[in-house]
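Have a look at my_file_38.pdb below; it lists PDB, N, CA and C atoms.
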```pdb
ATOM      1  N   MET A   1      -2.676  70.821  80.886  1.00  0.00           N
ATOM      2  CA  MET A   1      -3.171  69.978  79.815  1.00  0.00           C
ATOM      3  C   MET A   1      -4.483  69.344  80.281  1.00  0.00           C
ATOM      4  N   THR A   2      -5.448  69.313  79.404  1.00  0.00           N
ATOM      5  CA  THR A   2      -6.739  68.720  79.744  1.00  0.00           C
ATOM      6  C   THR A   2      -6.735  67.232  79.419  1.00  0.00           C
ATOM      7  N   ASN A   3      -7.829  66.579  79.723  1.00  0.00           N
ATOM      8  CA  ASN A   3      -7.969  65.156  79.434  1.00  0.00           C
ATOM      9  C   ASN A   3      -8.463  64.905  78.017  1.00  0.00           C
ATOM     10  N   TYR A   4      -8.645  65.951  77.236  1.00  0.00           N
ATOM     11  CA  TYR A   4      -9.139  65.820  75.867  1.00  0.00           C
ATOM     12  C   TYR A   4      -8.122  65.098  74.985  1.00  0.00           C
ATOM     13  N   ILE A   5      -8.615  64.087  74.256  1.00  0.00           N
ATOM     14  CA  ILE A   5      -7.816  63.410  73.233  1.00  0.00           C
ATOM     15  C   ILE A   5      -8.708  63.262  72.012  1.00  0.00           C
ATOM     16  N   PRO A   6      -8.279  63.758  70.853  1.00  0.00           N
ATOM     17  CA  PRO A   6      -9.096  63.636  69.650  1.00  0.00           C
ATOM     18  C   PRO A   6      -9.404  62.173  69.319  1.00  0.00           C
ATOM     19  N   ALA A   7     -10.602  61.944  68.820  1.00  0.00           N
ATOM     20  CA  ALA A   7     -11.068  60.585  68.553  1.00  0.00           C
ATOM     21  C   ALA A   7     -10.644  60.061  67.185  1.00  0.00           C
ATOM     22  N   THR A   8     -10.302  60.945  66.271  1.00  0.00           N
ATOM     23  CA  THR A   8      -9.934  60.500  64.930  1.00  0.00           C
ATOM     24  C   THR A   8      -8.503  60.898  64.605  1.00  0.00           C
ATOM     25  N   THR A   9      -7.899  60.148  63.708  1.00  0.00           N
ATOM     26  CA  THR A   9      -6.522  60.438  63.291  1.00  0.00           C
ATOM     27  C   THR A   9      -6.432  61.819  62.654  1.00  0.00           C
ATOM     28  N   VAL A  10      -7.454  62.176  61.898  1.00  0.00           N
ATOM     29  CA  VAL A  10      -7.473  63.487  61.231  1.00  0.00           C
ATOM     30  C   VAL A  10      -7.390  64.613  62.250  1.00  0.00           C
ATOM     31  N   ASP A  11      -8.042  64.452  63.391  1.00  0.00           N
ATOM     32  CA  ASP A  11      -7.993  65.467  64.445  1.00  0.00           C
ATOM     33  C   ASP A  11      -6.779  65.297  65.359  1.00  0.00           C
ATOM     34  N   LEU A  12      -6.330  64.057  65.498  1.00  0.00           N
ATOM     35  CA  LEU A  12      -5.225  63.762  66.414  1.00  0.00           C
ATOM     36  C   LEU A  12      -3.905  64.378  65.954  1.00  0.00           C
ATOM     37  N   ILE A  13      -3.606  64.292  64.678  1.00  0.00           N
ATOM     38  CA  ILE A  13      -2.307  64.766  64.182  1.00  0.00           C
ATOM     39  C   ILE A  13      -2.099  66.260  64.428  1.00  0.00           C
ATOM     40  N   PRO A  14      -3.040  67.133  64.072  1.00  0.00           N
ATOM     41  CA  PRO A  14      -2.815  68.559  64.378  1.00  0.00           C
ATOM     42  C   PRO A  14      -2.703  68.832  65.885  1.00  0.00           C
ATOM     43  N   TRP A  15      -3.455  68.084  66.679  1.00  0.00           N
ATOM     44  CA  TRP A  15      -3.394  68.240  68.131  1.00  0.00           C
ATOM     45  C   TRP A  15      -2.007  67.882  68.646  1.00  0.00           C
ATOM     46  N   LEU A  16      -1.475  66.752  68.156  1.00  0.00           N
ATOM     47  CA  LEU A  16      -0.126  66.344  68.555  1.00  0.00           C
ATOM     48  C   LEU A  16       0.934  67.323  68.057  1.00  0.00           C
ATOM     49  N   LYS A  17       0.760  67.824  66.833  1.00  0.00           N
ATOM     50  CA  LYS A  17       1.731  68.789  66.281  1.00  0.00           C
ATOM     51  C   LYS A  17       1.778  70.068  67.112  1.00  0.00           C
ATOM     52  N   GLU A  18       0.629  70.430  67.682  1.00  0.00           N
ATOM     53  CA  GLU A  18       0.601  71.618  68.537  1.00  0.00           C
ATOM     54  C   GLU A  18       1.280  71.329  69.884  1.00  0.00           C
ATOM     55  N   LEU A  19       1.073  70.130  70.410  1.00  0.00           N
ATOM     56  CA  LEU A  19       1.691  69.762  71.687  1.00  0.00           C
ATOM     57  C   LEU A  19       3.205  69.566  71.578  1.00  0.00           C
ATOM     58  N   PHE A  20       3.638  68.995  70.442  1.00  0.00           N
ATOM     59  CA  PHE A  20       5.047  68.641  70.266  1.00  0.00           C
ATOM     60  C   PHE A  20       5.592  69.198  68.944  1.00  0.00           C
ATOM     61  N   PRO A  21       5.721  70.511  68.832  1.00  0.00           N
ATOM     62  CA  PRO A  21       6.279  71.071  67.601  1.00  0.00           C
ATOM     63  C   PRO A  21       7.776  70.760  67.512  1.00  0.00           C
ATOM     64  N   PRO A  22       8.302  70.663  66.301  1.00  0.00           N
ATOM     65  CA  PRO A  22       9.755  70.479  66.182  1.00  0.00           C
ATOM     66  C   PRO A  22      10.481  71.627  66.891  1.00  0.00           C
ATOM     67  N   GLN A  23      11.533  71.311  67.588  1.00  0.00           N
ATOM     68  CA  GLN A  23      12.291  72.346  68.293  1.00  0.00           C
ATOM     69  C   GLN A  23      13.744  71.923  68.425  1.00  0.00           C
ATOM     70  N   CYS A  24      14.570  72.906  68.642  1.00  0.00           N
ATOM     71  CA  CYS A  24      15.996  72.643  68.852  1.00  0.00           C
ATOM     72  C   CYS A  24      16.225  72.159  70.283  1.00  0.00           C
ATOM     73  N   ILE A  25      17.296  71.455  70.469  1.00  0.00           N
ATOM     74  CA  ILE A  25      17.666  70.982  71.804  1.00  0.00           C
ATOM     75  C   ILE A  25      18.092  72.183  72.650  1.00  0.00           C
ATOM     76  N   ALA A  26      17.546  72.252  73.856  1.00  0.00           N
ATOM     77  CA  ALA A  26      17.932  73.314  74.786  1.00  0.00           C
ATOM     78  C   ALA A  26      19.188  72.880  75.530  1.00  0.00           C
ATOM     79  N   PRO A  27      20.019  73.827  75.944  1.00  0.00           N
ATOM     80  CA  PRO A  27      21.254  73.484  76.645  1.00  0.00           C
ATOM     81  C   PRO A  27      21.020  72.635  77.906  1.00  0.00           C
ATOM     82  N   GLU A  28      19.876  72.823  78.544  1.00  0.00           N
ATOM     83  CA  GLU A  28      19.606  72.075  79.780  1.00  0.00           C
ATOM     84  C   GLU A  28      19.009  70.687  79.531  1.00  0.00           C
ATOM     85  N   ASP A  29      18.668  70.363  78.277  1.00  0.00           N
ATOM     86  CA  ASP A  29      18.104  69.053  77.951  1.00  0.00           C
ATOM     87  C   ASP A  29      19.175  67.970  78.004  1.00  0.00           C
ATOM     88  N   THR A  30      18.820  66.845  78.581  1.00  0.00           N
ATOM     89  CA  THR A  30      19.728  65.697  78.538  1.00  0.00           C
ATOM     90  C   THR A  30      19.577  65.034  77.167  1.00  0.00           C
ATOM     91  N   LEU A  31      20.515  64.188  76.834  1.00  0.00           N
ATOM     92  CA  LEU A  31      20.440  63.461  75.569  1.00  0.00           C
ATOM     93  C   LEU A  31      19.180  62.599  75.537  1.00  0.00           C
ATOM     94  N   ALA A  32      18.845  61.977  76.644  1.00  0.00           N
ATOM     95  CA  ALA A  32      17.648  61.132  76.717  1.00  0.00           C
ATOM     96  C   ALA A  32      16.383  61.959  76.477  1.00  0.00           C
ATOM     97  N   GLU A  33      16.304  63.135  77.078  1.00  0.00           N
ATOM     98  CA  GLU A  33      15.141  64.003  76.882  1.00  0.00           C
ATOM     99  C   GLU A  33      15.035  64.449  75.429  1.00  0.00           C
ATOM    100  N   ALA A  34      16.152  64.817  74.852  1.00  0.00           N
ATOM    101  CA  ALA A  34      16.160  65.258  73.454  1.00  0.00           C
ATOM    102  C   ALA A  34      15.744  64.122  72.525  1.00  0.00           C
ATOM    103  N   ASN A  35      16.249  62.928  72.768  1.00  0.00           N
ATOM    104  CA  ASN A  35      15.877  61.774  71.944  1.00  0.00           C
ATOM    105  C   ASN A  35      14.404  61.423  72.100  1.00  0.00           C
ATOM    106  N   ARG A  36      13.896  61.485  73.312  1.00  0.00           N
ATOM    107  CA  ARG A  36      12.489  61.183  73.564  1.00  0.00           C
ATOM    108  C   ARG A  36      11.587  62.181  72.827  1.00  0.00           C
ATOM    109  N   TYR A  37      11.929  63.454  72.893  1.00  0.00           N
ATOM    110  CA  TYR A  37      11.135  64.483  72.223  1.00  0.00           C
ATOM    111  C   TYR A  37      11.227  64.301  70.704  1.00  0.00           C
ATOM    112  N   ALA A  38      12.419  64.039  70.211  1.00  0.00           N
ATOM    113  CA  ALA A  38      12.586  63.824  68.766  1.00  0.00           C
ATOM    114  C   ALA A  38      11.784  62.617  68.302  1.00  0.00           C
ATOM    115  N   GLY A  39      11.690  61.594  69.136  1.00  0.00           N
ATOM    116  CA  GLY A  39      10.879  60.425  68.803  1.00  0.00           C
ATOM    117  C   GLY A  39       9.411  60.767  68.674  1.00  0.00           C
ATOM    118  N   ARG A  40       8.934  61.637  69.539  1.00  0.00           N
ATOM    119  CA  ARG A  40       7.539  62.082  69.456  1.00  0.00           C
ATOM    120  C   ARG A  40       7.292  62.819  68.144  1.00  0.00           C
ATOM    121  N   VAL A  41       8.182  63.732  67.832  1.00  0.00           N
ATOM    122  CA  VAL A  41       8.038  64.510  66.591  1.00  0.00           C
ATOM    123  C   VAL A  41       8.107  63.587  65.378  1.00  0.00           C
ATOM    124  N   ASP A  42       9.000  62.611  65.419  1.00  0.00           N
ATOM    125  CA  ASP A  42       9.132  61.652  64.320  1.00  0.00           C
ATOM    126  C   ASP A  42       7.873  60.802  64.173  1.00  0.00           C
ATOM    127  N   LEU A  43       7.285  60.387  65.282  1.00  0.00           N
ATOM    128  CA  LEU A  43       6.058  59.602  65.234  1.00  0.00           C
ATOM    129  C   LEU A  43       4.916  60.409  64.618  1.00  0.00           C
ATOM    130  N   ILE A  44       4.827  61.673  64.966  1.00  0.00           N
ATOM    131  CA  ILE A  44       3.791  62.537  64.397  1.00  0.00           C
ATOM    132  C   ILE A  44       3.979  62.633  62.885  1.00  0.00           C
ATOM    133  N   ALA A  45       5.204  62.817  62.429  1.00  0.00           N
ATOM    134  CA  ALA A  45       5.475  62.884  60.980  1.00  0.00           C
ATOM    135  C   ALA A  45       5.120  61.565  60.302  1.00  0.00           C
ATOM    136  N   PHE A  46       5.411  60.434  60.951  1.00  0.00           N
ATOM    137  CA  PHE A  46       5.068  59.121  60.417  1.00  0.00           C
ATOM    138  C   PHE A  46       3.558  58.977  60.274  1.00  0.00           C
ATOM    139  N   LEU A  47       2.813  59.341  61.310  1.00  0.00           N
ATOM    140  CA  LEU A  47       1.355  59.259  61.256  1.00  0.00           C
ATOM    141  C   LEU A  47       0.790  60.147  60.158  1.00  0.00           C
ATOM    142  N   GLU A  48       1.356  61.335  60.022  1.00  0.00           N
ATOM    143  CA  GLU A  48       0.899  62.267  58.990  1.00  0.00           C
ATOM    144  C   GLU A  48       1.129  61.683  57.594  1.00  0.00           C
ATOM    145  N   THR A  49       2.285  61.074  57.383  1.00  0.00           N
ATOM    146  CA  THR A  49       2.602  60.449  56.099  1.00  0.00           C
ATOM    147  C   THR A  49       1.647  59.294  55.813  1.00  0.00           C
ATOM    148  N   LYS A  50       1.408  58.447  56.815  1.00  0.00           N
ATOM    149  CA  LYS A  50       0.503  57.308  56.634  1.00  0.00           C
ATOM    150  C   LYS A  50      -0.918  57.772  56.343  1.00  0.00           C
ATOM    151  N   LEU A  51      -1.369  58.833  56.996  1.00  0.00           N
ATOM    152  CA  LEU A  51      -2.710  59.359  56.738  1.00  0.00           C
ATOM    153  C   LEU A  51      -2.816  59.882  55.313  1.00  0.00           C
ATOM    154  N   LYS A  52      -1.798  60.606  54.841  1.00  0.00           N
ATOM    155  CA  LYS A  52      -1.802  61.112  53.468  1.00  0.00           C
ATOM    156  C   LYS A  52      -1.810  59.960  52.473  1.00  0.00           C
ATOM    157  N   GLN A  53      -1.021  58.911  52.737  1.00  0.00           N
ATOM    158  CA  GLN A  53      -0.999  57.748  51.849  1.00  0.00           C
ATOM    159  C   GLN A  53      -2.357  57.066  51.813  1.00  0.00           C
ATOM    160  N   ALA A  54      -2.994  56.931  52.960  1.00  0.00           N
ATOM    161  CA  ALA A  54      -4.312  56.299  53.023  1.00  0.00           C
ATOM    162  C   ALA A  54      -5.330  57.122  52.241  1.00  0.00           C
ATOM    163  N   ASP A  55      -5.254  58.444  52.374  1.00  0.00           N
ATOM    164  CA  ASP A  55      -6.157  59.318  51.615  1.00  0.00           C
ATOM    165  C   ASP A  55      -5.924  59.176  50.117  1.00  0.00           C
ATOM    166  N   GLU A  56      -4.656  59.143  49.709  1.00  0.00           N
ATOM    167  CA  GLU A  56      -4.333  59.000  48.288  1.00  0.00           C
ATOM    168  C   GLU A  56      -4.779  57.634  47.759  1.00  0.00           C
ATOM    169  N   ASP A  57      -4.575  56.589  48.538  1.00  0.00           N
ATOM    170  CA  ASP A  57      -5.002  55.242  48.138  1.00  0.00           C
ATOM    171  C   ASP A  57      -6.519  55.168  48.009  1.00  0.00           C
ATOM    172  N   SER A  58      -7.210  55.803  48.955  1.00  0.00           N
ATOM    173  CA  SER A  58      -8.664  55.813  48.919  1.00  0.00           C
ATOM    174  C   SER A  58      -9.175  56.559  47.694  1.00  0.00           C
ATOM    175  N   LEU A  59      -8.561  57.690  47.404  1.00  0.00           N
ATOM    176  CA  LEU A  59      -8.942  58.469  46.223  1.00  0.00           C
ATOM    177  C   LEU A  59      -8.654  57.681  44.950  1.00  0.00           C
ATOM    178  N   ALA A  60      -7.492  57.047  44.869  1.00  0.00           N
ATOM    179  CA  ALA A  60      -7.115  56.289  43.689  1.00  0.00           C
ATOM    180  C   ALA A  60      -8.081  55.124  43.460  1.00  0.00           C
ATOM    181  N   SER A  61      -8.462  54.424  44.542  1.00  0.00           N
ATOM    182  CA  SER A  61      -9.371  53.297  44.369  1.00  0.00           C
ATOM    183  C   SER A  61     -10.757  53.788  43.969  1.00  0.00           C
ATOM    184  N   THR A  62     -11.156  54.956  44.426  1.00  0.00           N
ATOM    185  CA  THR A  62     -12.442  55.526  44.028  1.00  0.00           C
ATOM    186  C   THR A  62     -12.429  55.904  42.564  1.00  0.00           C
ATOM    187  N   LEU A  63     -11.334  56.491  42.098  1.00  0.00           N
ATOM    188  CA  LEU A  63     -11.230  56.906  40.701  1.00  0.00           C
ATOM    189  C   LEU A  63     -11.090  55.722  39.748  1.00  0.00           C
ATOM    190  N   ASN A  64     -10.538  54.611  40.228  1.00  0.00           N
ATOM    191  CA  ASN A  64     -10.309  53.447  39.377  1.00  0.00           C
ATOM    192  C   ASN A  64     -11.502  52.523  39.286  1.00  0.00           C
ATOM    193  N   LYS A  65     -12.553  52.796  40.033  1.00  0.00           N
ATOM    194  CA  LYS A  65     -13.756  51.959  39.939  1.00  0.00           C
ATOM    195  C   LYS A  65     -14.440  52.244  38.614  1.00  0.00           C
ATOM    196  N   ASP A  66     -14.801  51.187  37.949  1.00  0.00           N
ATOM    197  CA  ASP A  66     -15.465  51.349  36.642  1.00  0.00           C
ATOM    198  C   ASP A  66     -16.958  51.163  36.769  1.00  0.00           C
TER     199      ASP A  66
END
```

Any chance you could put this one into structure tokens?
Amino acid sequence: MTNYIPATTVDLIPWLKELFPPQCIAPEDTLAEANRYAGRVDLIAFLETKLKQADEDSLASTLNKD
């Protein structure tokens, strides 16, 4: 892994999704490891939802300007 971290949320989410794709628990994973990984995936989904909401809110406020 390199030291590269995307500077914007728009670039960060796809980067994180590539690093931490949803996956099934492996037999050798501990419960703690599985929960930690699931938390990462959940956080990525949360960020993605918030970004979409912000985009929709921004579009709505632009369209509602008279």

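Between atom CA of Lys17 of chain A and atom CA of Ala45 of chain A the interatomic distance comes to 8.8 Å.
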
Practice problem: Per DSSP on the backbone, filter chain A down to the residues in helix (DSSP H, G or I) and report them as a ChimeraX atom specification. | Solution: /A:9-19,31-63

Quiz prompt | Selection result of the PyMOL selection byres (((chain A and resi 41 and name CA) around 9) and name CA) on this file, as a PyMOL selection string | solution = chain A and resi 16-17+20-22+36-40+42-46

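From atom C of Ala32 of chain A back to atom C of Lys50 of chain A, the distance works out to 26.9 Å.
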
Exercise. Could you check how far atom C of Glu48 of chain A sits from atom CA of Ile13 of chain A, in Å to one decimal?
Key: 8.0 Å
